[in-house]
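Colleague: mmCIF, C-alpha atoms, file model.cif:
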data_query
loop_
_atom_site.label_atom_id
_atom_site.label_comp_id
_atom_site.auth_asym_id
_atom_site.auth_seq_id
_atom_site.Cartn_x
_atom_site.Cartn_y
_atom_site.Cartn_z
CA MET Q 1 0.00 0.00 0.00
CA SER Q 2 3.01 2.35 0.16
CA ASP Q 3 3.47 2.81 -3.59
CA PHE Q 4 0.35 4.79 -4.41
CA LYS Q 5 0.32 6.68 -7.71
CA SER Q 6 -1.55 9.91 -8.30
CA GLU Q 7 -2.28 12.24 -11.17
CA ILE Q 8 -4.04 15.55 -11.65
CA ASN Q 9 -6.17 16.35 -14.70
CA GLU Q 10 -7.97 19.57 -15.57
CA ILE Q 11 -11.24 19.34 -17.51
CA GLU Q 12 -13.03 22.62 -18.24
CA GLY Q 13 -12.06 24.15 -14.91
CA ILE Q 14 -12.65 20.98 -12.88
CA TYR Q 15 -9.52 19.45 -11.35
CA GLN Q 16 -9.60 15.66 -11.04
CA ILE Q 17 -7.27 14.17 -8.42
CA LYS Q 18 -6.75 10.43 -9.09
CA ILE Q 19 -4.96 8.36 -6.47
CA ASP Q 20 -4.33 4.65 -6.87
CA VAL Q 21 -5.85 2.08 -4.51
CA PRO Q 22 -5.27 -1.69 -4.30
CA PHE Q 23 -8.91 -2.41 -5.16
CA ALA Q 24 -10.60 -3.56 -8.35
CA VAL Q 25 -11.66 0.03 -9.11
CA LYS Q 26 -7.95 1.05 -9.35
CA TYR Q 27 -8.40 4.75 -8.51
CA VAL Q 28 -10.38 6.95 -6.18
CA CYS Q 29 -11.11 10.32 -7.79
CA LEU Q 30 -11.68 13.60 -5.95
CA TYR Q 31 -12.70 16.79 -7.70
CA LEU Q 32 -11.76 20.38 -6.90
CA PHE Q 33 -13.19 23.51 -8.50
CA GLU Q 34 -13.99 27.12 -7.75
CA LEU Q 35 -17.48 28.59 -7.51
CA GLU Q 36 -18.51 32.04 -6.29
CA GLY Q 37 -14.91 32.59 -5.19
CA LYS Q 38 -14.98 29.46 -3.02
CA LYS Q 39 -12.99 26.27 -3.54
CA ILE Q 40 -15.13 23.15 -3.38
CA LEU Q 41 -13.83 19.60 -2.94
CA ILE Q 42 -15.99 16.59 -3.81
CA ASP Q 43 -15.30 13.73 -1.35
CA SER Q 44 -12.41 13.39 1.08
CA GLY Q 45 -10.70 10.16 0.01
CA LEU Q 46 -9.31 7.11 1.75
CA ASN Q 47 -7.75 7.09 5.22
CA MET Q 48 -5.45 4.15 4.60
CA GLY Q 49 -1.76 3.61 3.88
CA ASN Q 50 -0.06 6.45 2.02
CA TRP Q 51 -3.26 7.92 0.61
CA LYS Q 52 -3.32 11.02 2.82
CA LYS Q 53 0.28 11.86 1.93
CA LYS Q 54 -0.48 11.55 -1.78
CA LEU Q 55 -3.55 13.78 -1.47
CA PHE Q 56 -1.64 16.57 0.26
CA SER Q 57 1.16 16.16 -2.28
CA ALA Q 58 -1.44 16.68 -5.03
CA PHE Q 59 -2.61 19.85 -3.29
CA GLU Q 60 0.99 21.09 -3.28
CA GLN Q 61 1.31 20.37 -7.01
CA MET Q 62 -1.77 22.53 -7.53
CA ASN Q 63 -0.21 25.29 -5.41
CA ILE Q 64 -2.98 25.20 -2.83
CA SER Q 65 -3.26 24.27 0.83
CA ILE Q 66 -6.06 22.46 2.61
CA LYS Q 67 -6.68 25.83 4.28
CA ASP Q 68 -7.57 27.27 0.88
CA ILE Q 69 -10.50 24.86 0.48
CA ASP Q 70 -13.84 26.20 1.68
CA TYR Q 71 -16.27 23.30 1.24
CA CYS Q 72 -16.02 19.50 1.13
CA ILE Q 73 -19.13 17.66 -0.09
CA ILE Q 74 -19.32 13.94 0.76
CA SER Q 75 -21.12 11.72 -1.75
CA HIS Q 76 -21.64 8.71 0.56
CA ILE Q 77 -20.41 6.84 3.62
CA HIS Q 78 -18.02 4.31 2.05
CA THR Q 79 -14.53 4.64 3.47
CA ASP Q 80 -12.84 5.51 0.16
CA HIS Q 81 -15.06 8.60 -0.10
CA ILE Q 82 -15.45 9.77 3.51
CA GLY Q 83 -12.28 8.39 5.09
CA LEU Q 84 -10.24 11.58 5.48
CA VAL Q 85 -13.07 13.96 6.36
CA LYS Q 86 -12.11 14.34 10.03
CA ILE Q 87 -8.44 14.90 9.18
CA LEU Q 88 -9.30 17.57 6.59
CA LYS Q 89 -11.51 19.34 9.11
CA LYS Q 90 -8.79 19.18 11.76
CA LYS Q 91 -6.22 20.72 9.42
CA ASN Q 92 -8.69 23.41 8.35
CA PRO Q 93 -11.32 24.13 11.04
CA GLU Q 94 -12.91 26.70 8.69
CA LEU Q 95 -13.62 24.01 6.10
CA LYS Q 96 -17.37 23.41 5.86
CA ILE Q 97 -18.26 19.71 5.65
CA LEU Q 98 -21.48 18.85 3.82
CA MET Q 99 -23.20 15.44 3.73
CA HIS Q 100 -26.68 13.99 3.38
CA ASP Q 101 -28.53 13.61 6.67
CA ILE Q 102 -28.74 9.81 6.17
CA THR Q 103 -24.97 9.60 5.64
CA HIS Q 104 -24.45 11.67 8.77
CA GLU Q 105 -26.73 9.43 10.84
CA LEU Q 106 -25.07 6.26 9.55
CA LEU Q 107 -21.62 7.70 10.26
CA ARG Q 108 -22.64 8.71 13.77
CA TRP Q 109 -24.16 5.28 14.45
CA GLN Q 110 -21.30 3.21 13.02
CA THR Q 111 -18.55 5.15 14.80
CA ASP Q 112 -20.18 5.21 18.25
CA ASN Q 113 -18.78 2.31 20.30
CA ASN Q 114 -21.98 2.31 22.34
CA ASN Q 115 -23.76 1.05 19.22
CA LEU Q 116 -21.35 -1.81 18.57
CA LYS Q 117 -23.72 -4.37 20.09
CA GLU Q 118 -26.61 -3.17 17.92
CA LEU Q 119 -24.37 -3.25 14.85
CA GLU Q 120 -23.36 -6.83 15.65
CA ILE Q 121 -27.01 -7.82 16.10
CA GLN Q 122 -27.93 -6.22 12.77
CA ALA Q 123 -24.99 -7.98 11.11
CA ARG Q 124 -26.01 -11.31 12.68
CA GLU Q 125 -29.58 -10.91 11.40
CA THR Q 126 -28.28 -10.11 7.92
CA ALA Q 127 -25.89 -13.09 7.97
CA ASP Q 128 -28.66 -15.43 9.14
CA GLN Q 129 -30.81 -14.30 6.25
CA LEU Q 130 -27.95 -14.81 3.78
CA ILE Q 131 -27.55 -18.35 5.10
CA LYS Q 132 -31.24 -18.95 4.35
CA TYR Q 133 -30.51 -17.74 0.80
CA GLY Q 134 -27.95 -20.53 0.48
CA MET Q 135 -24.67 -19.19 1.86
CA SER Q 136 -22.74 -21.51 4.18
CA GLU Q 137 -22.72 -20.80 7.91
CA GLU Q 138 -18.94 -20.40 7.78
CA LYS Q 139 -19.15 -17.66 5.18
CA GLY Q 140 -22.10 -16.14 7.01
CA ASN Q 141 -19.97 -15.75 10.13
CA LYS Q 142 -17.27 -14.09 8.03
CA ILE Q 143 -19.89 -11.61 6.79
CA ILE Q 144 -20.52 -10.53 10.39
CA GLN Q 145 -16.82 -9.76 10.69
CA PHE Q 146 -17.00 -7.82 7.42
CA PHE Q 147 -19.88 -5.63 8.62
CA THR Q 148 -18.24 -4.93 11.97
CA PHE Q 149 -14.70 -4.48 10.61
CA TRP Q 150 -15.10 -1.75 8.00
CA PRO Q 151 -16.60 0.88 10.35
CA ARG Q 152 -13.25 0.88 12.15
CA PHE Q 153 -11.82 2.80 9.21
CA LEU Q 154 -14.38 5.57 9.75
CA GLN Q 155 -13.94 8.54 12.04
CA TYR Q 156 -16.90 10.61 13.14
CA GLN Q 157 -17.07 14.18 11.90
CA LYS Q 158 -20.21 16.19 12.41
CA PRO Q 159 -21.11 18.01 9.17
CA ASP Q 160 -21.41 21.77 9.20
CA ILE Q 161 -24.34 21.44 6.81
CA GLU Q 162 -26.73 18.49 6.50
CA MET Q 163 -28.19 18.17 3.02
CA HIS Q 164 -31.41 16.78 1.64
CA ASP Q 165 -32.72 15.92 -1.81
CA GLY Q 166 -33.19 19.07 -3.87
CA ASP Q 167 -31.06 21.35 -1.69
CA THR Q 168 -28.82 23.83 -3.51
CA ILE Q 169 -25.47 25.43 -2.76
CA PHE Q 170 -25.01 29.02 -4.04
CA ASP Q 171 -28.14 28.29 -6.11
CA LYS Q 172 -25.80 26.58 -8.59
CA LEU Q 173 -25.07 23.11 -7.18
CA LYS Q 174 -28.11 20.86 -6.75
CA ILE Q 175 -28.11 17.88 -4.40
CA ILE Q 176 -29.73 14.75 -5.86
CA TRP Q 177 -30.46 11.88 -3.44
CA THR Q 178 -29.61 8.71 -5.37
CA PRO Q 179 -30.01 5.64 -3.12
CA GLY Q 180 -28.92 2.28 -4.53
CA HIS Q 181 -25.20 1.83 -4.03
CA SER Q 182 -25.53 3.40 -0.59
CA PHE Q 183 -28.64 4.47 1.32
CA GLY Q 184 -27.54 8.09 1.75
CA HIS Q 185 -25.75 8.42 -1.61
CA ILE Q 186 -25.98 11.78 -3.37
CA CYS Q 187 -24.90 13.20 -6.71
CA ILE Q 188 -24.02 16.87 -7.11
CA PHE Q 189 -25.30 18.65 -10.22
CA TYR Q 190 -23.58 21.85 -11.40
CA LYS Q 191 -26.65 23.32 -13.06
CA LYS Q 192 -25.12 26.06 -15.23
CA LYS Q 193 -22.51 23.81 -16.85
CA ARG Q 194 -24.61 20.61 -16.55
CA TYR Q 195 -21.76 18.74 -14.88
CA LEU Q 196 -22.62 15.83 -12.60
CA PHE Q 197 -20.38 14.55 -9.80
CA SER Q 198 -21.74 11.03 -9.52
CA GLY Q 199 -19.77 9.41 -6.71
CA ASP Q 200 -20.32 5.67 -7.21
CA HIS Q 201 -23.82 6.02 -8.68
CA ILE Q 202 -22.65 6.00 -12.31
CA LEU Q 203 -19.25 4.62 -13.35
CA SER Q 204 -17.73 4.43 -16.83
CA ARG Q 205 -16.96 0.70 -17.17
CA ILE Q 206 -18.66 -1.27 -14.40
CA THR Q 207 -22.01 -1.07 -12.69
CA PRO Q 208 -21.90 -0.14 -9.00
CA HIS Q 209 -22.73 -2.77 -6.44
CA ILE Q 210 -26.42 -2.79 -5.55
CA GLY Q 211 -27.23 -4.63 -2.36
CA ASN Q 212 -28.79 -4.61 1.07
CA PHE Q 213 -28.04 -2.01 3.70
CA VAL Q 214 -27.37 -2.56 7.38
CA VAL Q 215 -29.10 0.36 9.06
CA PRO Q 216 -30.08 1.07 12.68
CA LYS Q 217 -33.68 0.35 13.56
CA HIS Q 218 -34.42 3.98 14.44
CA LEU Q 219 -33.34 5.08 10.95
CA ALA Q 220 -35.41 2.33 9.33
CA GLU Q 221 -38.41 3.55 11.32
CA GLU Q 222 -37.77 7.15 10.28
CA TYR Q 223 -37.78 6.06 6.64
CA LYS Q 224 -40.59 3.54 7.06
CA ASP Q 225 -42.01 4.36 3.61
CA TYR Q 226 -38.69 3.41 1.99
CA ASP Q 227 -38.55 -0.15 0.66
CA PHE Q 228 -35.27 -1.44 2.13
CA LYS Q 229 -35.68 -4.72 0.26
CA ASN Q 230 -36.16 -3.54 -3.32
CA ILE Q 231 -32.90 -1.60 -3.63
CA LEU Q 232 -32.62 -2.12 -7.39
CA MET Q 233 -35.90 -0.29 -7.89
CA HIS Q 234 -34.54 2.70 -6.00
CA TYR Q 235 -31.34 2.61 -8.03
CA LEU Q 236 -33.17 2.55 -11.38
CA VAL Q 237 -35.43 5.40 -10.27
CA SER Q 238 -32.31 7.32 -9.24
CA LEU Q 239 -30.79 6.72 -12.68
CA ASP Q 240 -33.87 8.22 -14.30
CA LYS Q 241 -33.64 11.25 -12.00
CA ILE Q 242 -30.11 11.85 -13.27
CA ASP Q 243 -30.99 11.19 -16.91
CA ASN Q 244 -33.78 13.76 -16.71
CA LEU Q 245 -31.22 16.41 -15.75
CA LYS Q 246 -29.49 15.84 -19.11
CA PRO Q 247 -25.93 16.16 -17.76
CA LYS Q 248 -23.22 17.08 -20.25
CA ILE Q 249 -20.29 15.41 -18.43
CA ILE Q 250 -20.24 12.97 -15.51
CA PHE Q 251 -17.30 13.07 -13.09
CA PRO Q 252 -17.38 9.68 -11.27
CA GLY Q 253 -15.66 8.62 -8.06
CA HIS Q 254 -13.70 5.94 -9.97
CA GLN Q 255 -12.61 5.12 -13.50
CA GLU Q 256 -12.88 7.45 -16.52
CA ILE Q 257 -14.83 10.66 -16.98
CA ILE Q 258 -18.06 10.06 -18.90
CA TYR Q 259 -18.72 12.30 -21.91
CA ASN Q 260 -21.84 10.45 -23.11
CA PRO Q 261 -24.01 10.42 -19.96
CA HIS Q 262 -27.32 9.48 -21.59
CA GLU Q 263 -25.78 6.56 -23.49
CA ARG Q 264 -23.96 5.34 -20.39
CA ILE Q 265 -27.15 5.45 -18.33
CA LEU Q 266 -28.94 3.46 -21.03
CA GLU Q 267 -26.10 0.89 -20.98
CA ILE Q 268 -26.44 0.47 -17.21
CA LYS Q 269 -30.21 0.08 -17.44
CA GLU Q 270 -29.79 -2.45 -20.25
CA HIS Q 271 -27.30 -4.38 -18.11
CA HIS Q 272 -29.83 -4.74 -15.30
CA LYS Q 273 -32.60 -5.60 -17.75
CA ASN Q 274 -30.44 -8.39 -19.19
CA ARG Q 275 -29.49 -9.64 -15.71
CA LEU Q 276 -33.17 -9.84 -14.77
CA LYS Q 277 -33.85 -11.87 -17.94
CA GLU Q 278 -30.87 -14.17 -17.30
CA ILE Q 279 -31.96 -14.92 -13.75
CA SER Q 280 -35.58 -15.46 -14.80
CA SER Q 281 -34.48 -17.88 -17.51
CA LEU Q 282 -32.17 -19.74 -15.13
CA ILE Q 283 -34.88 -20.41 -12.53
CA LYS Q 284 -37.76 -21.10 -14.91
CA ASP Q 285 -39.29 -24.32 -13.54
CA ASN Q 286 -35.94 -24.83 -11.81
CA PRO Q 287 -35.99 -23.71 -8.14
CA MET Q 288 -32.61 -22.77 -6.71
CA THR Q 289 -31.13 -20.63 -3.96
CA ALA Q 290 -29.96 -17.10 -4.59
CA TYR Q 291 -26.48 -18.23 -3.58
CA ARG Q 292 -26.42 -20.93 -6.27
CA ILE Q 293 -27.53 -18.34 -8.84
CA SER Q 294 -24.66 -16.08 -7.72
CA GLN Q 295 -22.18 -18.96 -8.16
CA ILE Q 296 -23.41 -19.58 -11.71
CA HIS Q 297 -23.12 -15.90 -12.59
CA PHE Q 298 -19.95 -14.93 -10.73
CA GLY Q 299 -18.06 -18.19 -10.11
CA GLU Q 300 -17.60 -20.58 -7.20
CA ASP Q 301 -14.09 -19.64 -6.05
CA LEU Q 302 -14.84 -16.24 -4.51
CA ASP Q 303 -13.63 -15.20 -1.07
CA GLU Q 304 -16.14 -14.28 1.65
CA MET Q 305 -16.37 -10.59 0.76
CA ASN Q 306 -16.85 -11.18 -2.96
CA SER Q 307 -19.25 -14.05 -2.26
CA TYR Q 308 -21.35 -11.60 -0.26
CA MET Q 309 -21.15 -8.96 -3.00
CA ALA Q 310 -22.21 -11.50 -5.64
CA LEU Q 311 -25.06 -12.84 -3.51
CA SER Q 312 -26.40 -9.42 -2.58
CA GLU Q 313 -26.24 -8.36 -6.24
CA VAL Q 314 -28.35 -11.39 -7.24
CA LEU Q 315 -30.73 -10.77 -4.35
CA GLY Q 316 -31.21 -7.21 -5.54
CA HIS Q 317 -32.51 -8.55 -8.84
CA LEU Q 318 -34.59 -11.31 -7.23
CA PHE Q 319 -36.24 -8.83 -4.86
CA TYR Q 320 -37.04 -6.61 -7.84
CA LEU Q 321 -38.66 -9.56 -9.65
CA GLU Q 322 -40.47 -10.55 -6.46
CA ALA Q 323 -41.93 -7.04 -6.10
CA GLU Q 324 -43.25 -7.33 -9.64
CA GLY Q 325 -44.79 -10.73 -8.91
CA LYS Q 326 -42.52 -12.47 -11.43
CA VAL Q 327 -40.88 -15.03 -9.12
CA LYS Q 328 -42.10 -17.47 -6.51
CA ILE Q 329 -40.39 -18.75 -3.37
CA THR Q 330 -40.36 -22.16 -1.75
CA GLU Q 331 -38.45 -23.45 1.28
CA ARG Q 332 -36.50 -26.69 1.49
CA LYS Q 333 -34.42 -27.76 4.47
CA GLY Q 334 -34.34 -24.22 5.81
CA LYS Q 335 -33.19 -22.71 2.51
CA LEU Q 336 -35.22 -20.34 0.34
CA LEU Q 337 -35.42 -21.28 -3.35
CA TYR Q 338 -36.60 -18.99 -6.14
CA TYR Q 339 -38.36 -20.08 -9.33
CA CYS Q 340 -40.75 -18.80 -11.97
#
Just give me the structure of the file as structure tokens.
Modeller:
Amino acid sequence: MSDFKSEINEIEGIYQIKIDVPFAVKYVCLYLFELEGKKILIDSGLNMGNWKKKLFSAFEQMNISIKDIDYCIISHIHTDHIGLVKILKKKNPELKILMHDITHELLRWQTDNNNLKELEIQARETADQLIKYGMSEEKGNKIIQFFTFWPRFLQYQKPDIEMHDGDTIFDKLKIIWTPGHSFGHICIFYKKKRYLFSGDHILSRITPHIGNFVVPKHLAEEYKDYDFKNILMHYLVSLDKIDNLKPKIIFPGHQEIIYNPHERILEIKEHHKNRLKEISSLIKDNPMTAYRISQIHFGEDLDEMNSYMALSEVLGHLFYLEAEGKVKITERKGKLLYYC
């Protein structure tokens, strides 16, 4: 992790800071630009290894200091996007941190040691359900470790401004709530130039992971009208919200900048449409567990984390089909099998 690479690109006044990570996505991208005389940073990056050093080195290459940055807008809670937020605030107390109220509540909950027991219970309930969908108990227990391990990379930082869907900054940047990849995920739309900062909602080469969320019960009750099961539906609706804005350029949190937003959105929608057809065809008069479906689609030699990602991705599509009344469920030996 010590040999991170970084590069800085300028696209029509938007500075893209790309720093390498040892993940499949290769890079995490932050964006810096000026608006109304204020410098705005999109996301804070990863608090791991040499990442912080590389970020501050990039600032130096741009002849700016963290103290020159006025606002930092967080797209979502995942550690590669929110990881350094507390450190940035500490180095520049005048920096205004902005995040969606859901992201703030999840960050507060996950970083409070008093909630560790509740988090473990939620993780246990999720793992038990995954076992019913066909995952082994051994891998299910590893999933509990996964859910309770990653919050350790987060540090709590209270935002200076909590945001909600439709809020604007300087009447020029519009906040779009786009749940799917993360419950509190937002995109930021620069209305005048029709630029979209998409976080992980829209990527250039892969589709973002769509899966289940582990949320505290009080937050689930607050959003009781939100269907926490049919996440794919929320994601597709969120895609349409973005498409209706007719963005000119999309600046994603990973991979390449997207210069054909409408076409890329159509590609992503087509991908999910095809996946729904593939799963429906696979289980036609052929009941099987969601886990078995995930093995057929993604392979059988995955580690625990990727097994979970594959299973939750398949479940996202099965829950979508279930909501539309297109699949049926039966139970055998404590396992849930889907068919149509």
Colleague: Just give me the gap between atom CA of Q:Ile82 and atom CA of Q:His271 in Å, one decimal is fine.
Modeller: 28.4 Å
Colleague: Which protein, DNA or RNA residues have an atom at most 12 Å from (-15.5, 7.7, -16.7), counting only C-alpha atoms? List them as a PyMOL selection string.
Modeller: chain Q and resi 16+18+25+27-29+196-207+249-261+264-265
Colleague: For Q:Glu267, which of Q:Ile74, Q:Ala290, Q:Leu239, Q:Ile121 is the closest residue, counting all atoms listed in the file?
Modeller: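 Of Q:Ile74, Q:Ala290, Q:Leu239, Q:Ile121, the one nearest Q:Glu267, counting all atoms listed in the file, is Q:Leu239.
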Colleague: Which residues, named as in the file, does the PyMOL selection byres ((chain Q and resi 58) around 12) pick out? Answer as a PyMOL selection string.
Modeller: chain Q and resi 5-9+15-19+29-32+51-57+59-66
Colleague: Generate the output file for the selected residues, C-alpha atoms, as a compact mmCIF listing (two decimals), in the coordinates of the input.
Modeller:
# COMPACT_ATOMS: atom_id res chain seq x y z
CA LYS Q 5 0.32 6.68 -7.71
CA SER Q 6 -1.55 9.91 -8.30
CA GLU Q 7 -2.28 12.24 -11.17
CA ILE Q 8 -4.04 15.55 -11.65
CA ASN Q 9 -6.17 16.35 -14.70
CA TYR Q 15 -9.52 19.45 -11.35
CA GLN Q 16 -9.60 15.66 -11.04
CA ILE Q 17 -7.27 14.17 -8.42
CA LYS Q 18 -6.75 10.43 -9.09
CA ILE Q 19 -4.96 8.36 -6.47
CA CYS Q 29 -11.11 10.32 -7.79
CA LEU Q 30 -11.68 13.60 -5.95
CA TYR Q 31 -12.70 16.79 -7.70
CA LEU Q 32 -11.76 20.38 -6.90
CA TRP Q 51 -3.26 7.92 0.61
CA LYS Q 52 -3.32 11.02 2.82
CA LYS Q 53 0.28 11.86 1.93
CA LYS Q 54 -0.48 11.55 -1.78
CA LEU Q 55 -3.55 13.78 -1.47
CA PHE Q 56 -1.64 16.57 0.26
CA SER Q 57 1.16 16.16 -2.28
CA PHE Q 59 -2.61 19.85 -3.29
CA GLU Q 60 0.99 21.09 -3.28
CA GLN Q 61 1.31 20.37 -7.01
CA MET Q 62 -1.77 22.53 -7.53
CA ASN Q 63 -0.21 25.29 -5.41
CA ILE Q 64 -2.98 25.20 -2.83
CA SER Q 65 -3.26 24.27 0.83
CA ILE Q 66 -6.06 22.46 2.61
Colleague: Any idea what's packed within 12 Å of Q:Ser312, counting all atoms listed in the file, ignoring anything in its chain fewer than 5 positions away? Could you give it as a CSV table (one decimal) with C-alpha atoms, in the frame of the given file?
Modeller:
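So the final result, stored in part.csv, reads:
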chain,number,residue,atom,x,y,z
Q,126,THR,CA,-28.3,-10.1,7.9
Q,127,ALA,CA,-25.9,-13.1,8.0
Q,129,GLN,CA,-30.8,-14.3,6.2
Q,130,LEU,CA,-28.0,-14.8,3.8
Q,131,ILE,CA,-27.6,-18.4,5.1
Q,133,TYR,CA,-30.5,-17.7,0.8
Q,134,GLY,CA,-28.0,-20.5,0.5
Q,135,MET,CA,-24.7,-19.2,1.9
Q,143,ILE,CA,-19.9,-11.6,6.8
Q,181,HIS,CA,-25.2,1.8,-4.0
Q,209,HIS,CA,-22.7,-2.8,-6.4
Q,210,ILE,CA,-26.4,-2.8,-5.6
Q,211,GLY,CA,-27.2,-4.6,-2.4
Q,212,ASN,CA,-28.8,-4.6,1.1
Q,213,PHE,CA,-28.0,-2.0,3.7
Q,229,LYS,CA,-35.7,-4.7,0.3
Q,230,ASN,CA,-36.2,-3.5,-3.3
Q,231,ILE,CA,-32.9,-1.6,-3.6
Q,232,LEU,CA,-32.6,-2.1,-7.4
Q,290,ALA,CA,-30.0,-17.1,-4.6
Q,291,TYR,CA,-26.5,-18.2,-3.6
Q,293,ILE,CA,-27.5,-18.3,-8.8
Q,294,SER,CA,-24.7,-16.1,-7.7
Q,295,GLN,CA,-22.2,-19.0,-8.2
Q,298,PHE,CA,-20.0,-14.9,-10.7
Q,305,MET,CA,-16.4,-10.6,0.8
Q,306,ASN,CA,-16.8,-11.2,-3.0
Q,307,SER,CA,-19.2,-14.0,-2.3
Q,317,HIS,CA,-32.5,-8.6,-8.8
Q,318,LEU,CA,-34.6,-11.3,-7.2
Q,319,PHE,CA,-36.2,-8.8,-4.9
Colleague: Quote the spacing between atom CA of Q:Gln110 and atom CA of Q:His164 in Å to one decimal place.
Modeller: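 It comes out at 20.4 Å.
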Colleague: What is the atom CA of Q:Asp160-atom CA of Q:Lys192 distance in Å, reported with one decimal?
Modeller: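 For atom CA of Q:Asp160 relative to atom CA of Q:Lys192, the distance reads 25.1 Å.
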Colleague: With all atoms listed in the file as the basis for distance, which of Q:Pro22, Q:Pro216, Q:Gly37, Q:Pro247 is at the shortest distance from Q:Asn50?
Modeller: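 So, comparing all the options, the nearest one is Q:Pro22.
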Colleague: Counting only C-alpha atoms, which of Q:Leu302, Q:Pro287, Q:Lys67, Q:Arg292 gets nearest to Q:Thr330?
Modeller: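 Using only C-alpha atoms, the shortest distance to Q:Thr330 belongs to Q:Pro287.
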Colleague: Select, from Q:Ile14, Q:Ile169, Q:Ala323, Q:Ile188, the residue with the minimum atom-to-atom distance to Q:Leu245, counting all atoms listed in the file.
Modeller: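 Selected residue with least distance to Q:Leu245: Q:Ile188.
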Colleague: Rank Q:Gly140, Q:Pro159, Q:Gly83, Q:Pro208 by their smallest atom-to-atom distance to Q:Arg108, using all atoms listed in the file, and report the top residue only.
Modeller: Q:Pro159
Colleague: For stretch 207-211 of chain Q, take all atoms listed in the file, fit an axis-aligned box around them, add 4 Å to each of the six sides, then output centre and edge lengths in Å rounded to one decimal, as AutoDock Vina command-line options.
Modeller:
--center_x -24.6 --center_y -2.4 --center_z -7.5 --size_x 13.3 --size_y 12.5 --size_z 18.3
Colleague: Here's the selection I'm unsure about, the PyMOL selection byres ((chain Q and resi 340) around 6); applied to the file above, which residues does it give, as a list in words?
Modeller: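 Written out, the selection comes to Lys284, Asp285, Val327, Lys328 and Tyr339 of chain Q.
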